[in-house]
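Structure below is protein.pdb: PDB, C-alpha atoms.
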```
ATOM      1  CA  SER A  37     107.904  97.604  97.688
ATOM      2  CA  GLU A  38     111.385  96.289  98.456
ATOM      3  CA  GLU A  39     113.194  95.261  95.271
ATOM      4  CA  LEU A  40     112.376  98.155  92.942
ATOM      5  CA  PRO A  41     113.424 100.996  95.275
ATOM      6  CA  ALA A  42     116.655  99.138  96.102
ATOM      7  CA  LEU A  43     117.352  98.517  92.412
ATOM      8  CA  ALA A  44     116.614 102.145  91.492
ATOM      9  CA  ARG A  45     118.959 103.337  94.257
ATOM     10  CA  SER A  46     121.696 101.064  92.900
ATOM     11  CA  PHE A  47     121.462 102.805  89.501
ATOM     12  CA  PHE A  48     120.777 106.395  90.560
ATOM     13  CA  PRO A  49     121.745 108.618  93.497
ATOM     14  CA  LEU A  50     118.293 108.479  95.100
ATOM     15  CA  SER A  51     117.531 109.378  98.675
ATOM     16  CA  ASP A  52     116.051 106.838 101.049
ATOM     17  CA  ARG A  53     114.689 109.566 103.330
ATOM     18  CA  ARG A  54     110.904 109.519 103.706
ATOM     19  CA  GLU A  55     110.518 113.204 102.878
ATOM     20  CA  ASP A  56     112.198 112.630  99.493
ATOM     21  CA  ASN A  57     110.053 109.673  98.400
ATOM     22  CA  PHE A  58     106.646 109.693  96.727
ATOM     23  CA  VAL A  59     104.585 107.094  94.900
ATOM     24  CA  ALA A  60     101.898 107.505  92.221
ATOM     25  CA  GLY A  61      99.816 105.295  89.989
ATOM     26  CA  LEU A  62      97.273 105.379  87.180
ATOM     27  CA  SER A  63      93.933 103.536  87.424
ATOM     28  CA  MET A  64      94.403 100.390  89.546
ATOM     29  CA  GLY A  65      98.017 101.503  89.945
ATOM     30  CA  GLY A  66      96.552 104.367  91.964
ATOM     31  CA  TYR A  67      95.081 101.822  94.357
ATOM     32  CA  GLY A  68      98.495 100.131  94.509
ATOM     33  CA  ALA A  69     100.271 103.437  95.136
ATOM     34  CA  PHE A  70      97.961 104.273  98.027
ATOM     35  CA  LYS A  71      98.196 100.757  99.452
ATOM     36  CA  LEU A  72     101.998 100.937  99.305
ATOM     37  CA  ALA A  73     102.210 104.388 100.887
ATOM     38  CA  LEU A  74      99.635 103.613 103.587
ATOM     39  CA  SER A  75     101.234 100.257 104.356
ATOM     40  CA  HIS A  76     104.651 101.905 104.687
ATOM     41  CA  PRO A  77     104.061 105.450 105.970
ATOM     42  CA  ASP A  78     107.629 105.485 107.255
ATOM     43  CA  ARG A  79     108.925 105.319 103.647
ATOM     44  CA  TYR A  80     106.695 107.698 101.646
ATOM     45  CA  ALA A  81     105.878 111.361 102.203
ATOM     46  CA  ALA A  82     102.914 111.338  99.812
ATOM     47  CA  ALA A  83     100.948 109.267  97.326
ATOM     48  CA  ALA A  84      98.966 110.213  94.237
ATOM     49  CA  SER A  85      96.251 108.378  92.371
ATOM     50  CA  LEU A  86      95.344 109.371  88.816
ATOM     51  CA  SER A  87      91.837 108.083  88.036
ATOM     52  CA  GLY A  88      92.313 105.343  90.600
ATOM     53  CA  ALA A  89      89.718 103.015  92.023
ATOM     54  CA  LEU A  90      90.321 103.586  95.726
ATOM     55  CA  ASP A  91      87.052 102.484  97.336
ATOM     56  CA  VAL A  92      87.258  98.819  96.396
ATOM     57  CA  THR A  93      84.592  97.869  98.928
ATOM     58  CA  GLY A  94      82.245 100.238  97.073
ATOM     59  CA  PHE A  95      82.624  98.143  93.910
ATOM     60  CA  TYR A  96      80.917  95.271  95.657
ATOM     61  CA  LYS A  97      77.597  97.038  95.150
ATOM     62  CA  ASP A  98      77.637  95.477  91.679
ATOM     63  CA  ARG A  99      78.925  92.188  93.143
ATOM     64  CA  ASN A 100      81.701  91.777  90.617
ATOM     65  CA  LYS A 101      82.845  88.134  90.532
ATOM     66  CA  ASP A 102      86.378  89.171  89.550
ATOM     67  CA  LEU A 103      86.710  90.990  92.871
ATOM     68  CA  ASP A 104      85.717  87.795  94.686
ATOM     69  CA  LEU A 105      88.638  86.032  93.009
ATOM     70  CA  ILE A 106      91.044  88.774  94.075
ATOM     71  CA  TYR A 107      89.857  89.690  97.571
ATOM     72  CA  GLY A 108      87.350  87.045  98.613
ATOM     73  CA  SER A 109      84.020  88.259  99.895
ATOM     74  CA  VAL A 110      83.329  91.891 100.719
ATOM     75  CA  GLU A 111      83.329  90.863 104.361
ATOM     76  CA  GLN A 112      86.873  89.510 103.965
ATOM     77  CA  LEU A 113      87.976  92.728 102.241
ATOM     78  CA  ARG A 114      86.432  95.202 104.677
ATOM     79  CA  ASP A 115      88.870  96.131 107.457
ATOM     80  CA  SER A 116      91.596  93.923 105.940
ATOM     81  CA  PRO A 117      95.085  95.065 104.874
ATOM     82  CA  ASN A 118      93.593  95.536 101.365
ATOM     83  CA  ASP A 119      91.024  98.104 102.556
ATOM     84  CA  LEU A 120      92.543 101.554 101.960
ATOM     85  CA  PHE A 121      90.192 103.185 104.452
ATOM     86  CA  ARG A 122      91.427 100.869 107.198
ATOM     87  CA  LEU A 123      95.058 101.521 106.196
ATOM     88  CA  ALA A 124      94.443 105.278 106.273
ATOM     89  CA  SER A 125      92.864 105.007 109.702
ATOM     90  CA  ASP A 126      95.802 102.908 110.961
ATOM     91  CA  ALA A 127      98.318 105.419 109.534
ATOM     92  CA  ALA A 128      96.500 108.303 111.217
ATOM     93  CA  ASP A 129      96.804 106.690 114.659
TER      94      ASP A 129
END
```
Please render this file's structure as structure tokens.
Amino acid sequence: SEELPALARSFFPLSDRREDNFVAGLSMGGYGAFKLALSHPDRYAAAASLSGALDVTGFYKDRNKDLDLIYGSVEQLRDSPNDLFRLASDAAD
């Protein structure tokens, strides 16, 4: 979120204006793209997710143990900075 944009701007004449910056990702990269854009709405005009898993709390229906290792319990994930729905709500305020 910090190093790559700065590095890209050092190589190319890229704008740092919000309206000129977008982020996108494929699969779990789509989740990352949305998390980045929603965490930094002052930097990105839009985000795109291509086949992304955006409702991570919804995956807990199956109680995937890998998700416990990443996020902790579903209770820890819900309404945390990793919950895209919370980030979207915060960005809308």
Hey, can I get the axis-aligned box for range 116-126 of chain A? All listed atoms, 6 Å padding on each side, centre and edge lengths in Å to one decimal, as AutoDock Vina command-line options.
```
--center_x 93.0 --center_y 99.6 --center_z 106.2 --size_x 17.6 --size_y 23.4 --size_z 21.6
```
(request) For range 72-76 of chain A, please output as a PyMOL selection string all residues within 10 Å (counting all atoms listed in the file; exclusion window: fewer than 6 positions along the same chain). (result) chain A and resi 37+54+57-60+66+82-84+117-118+120-128
(message) Could you check which residues have any atom within 9 Å of (98.0, 103.6, 88.9), counting all atoms listed in the file with coordinates taken straight from the file, and then list them as a list in words?
(response) Ala60, Gly61, Leu62, Ser63, Met64, Gly65, Gly66, Tyr67, Gly68, Ala69, Ala84, Ser85, Leu86, Ser87, Gly88 and Ala89 of chain A
(request) Give me, please, the distance in Å between CA of Leu105 in chain A and CA of Phe70 in chain A, quoted to one decimal. (result)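 Atom-to-atom, CA of Leu105 in chain A and CA of Phe70 in chain A are spaced 21.1 Å apart.
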(message) Report, in Å to a single decimal, how far apart CA of Asp129 in chain A and CA of Ser109 in chain A are.
(response) 26.9 Å
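In this structure, CA of Pro41 in chain A sits 12.4 Å away from CA of Asp56 in chain A.
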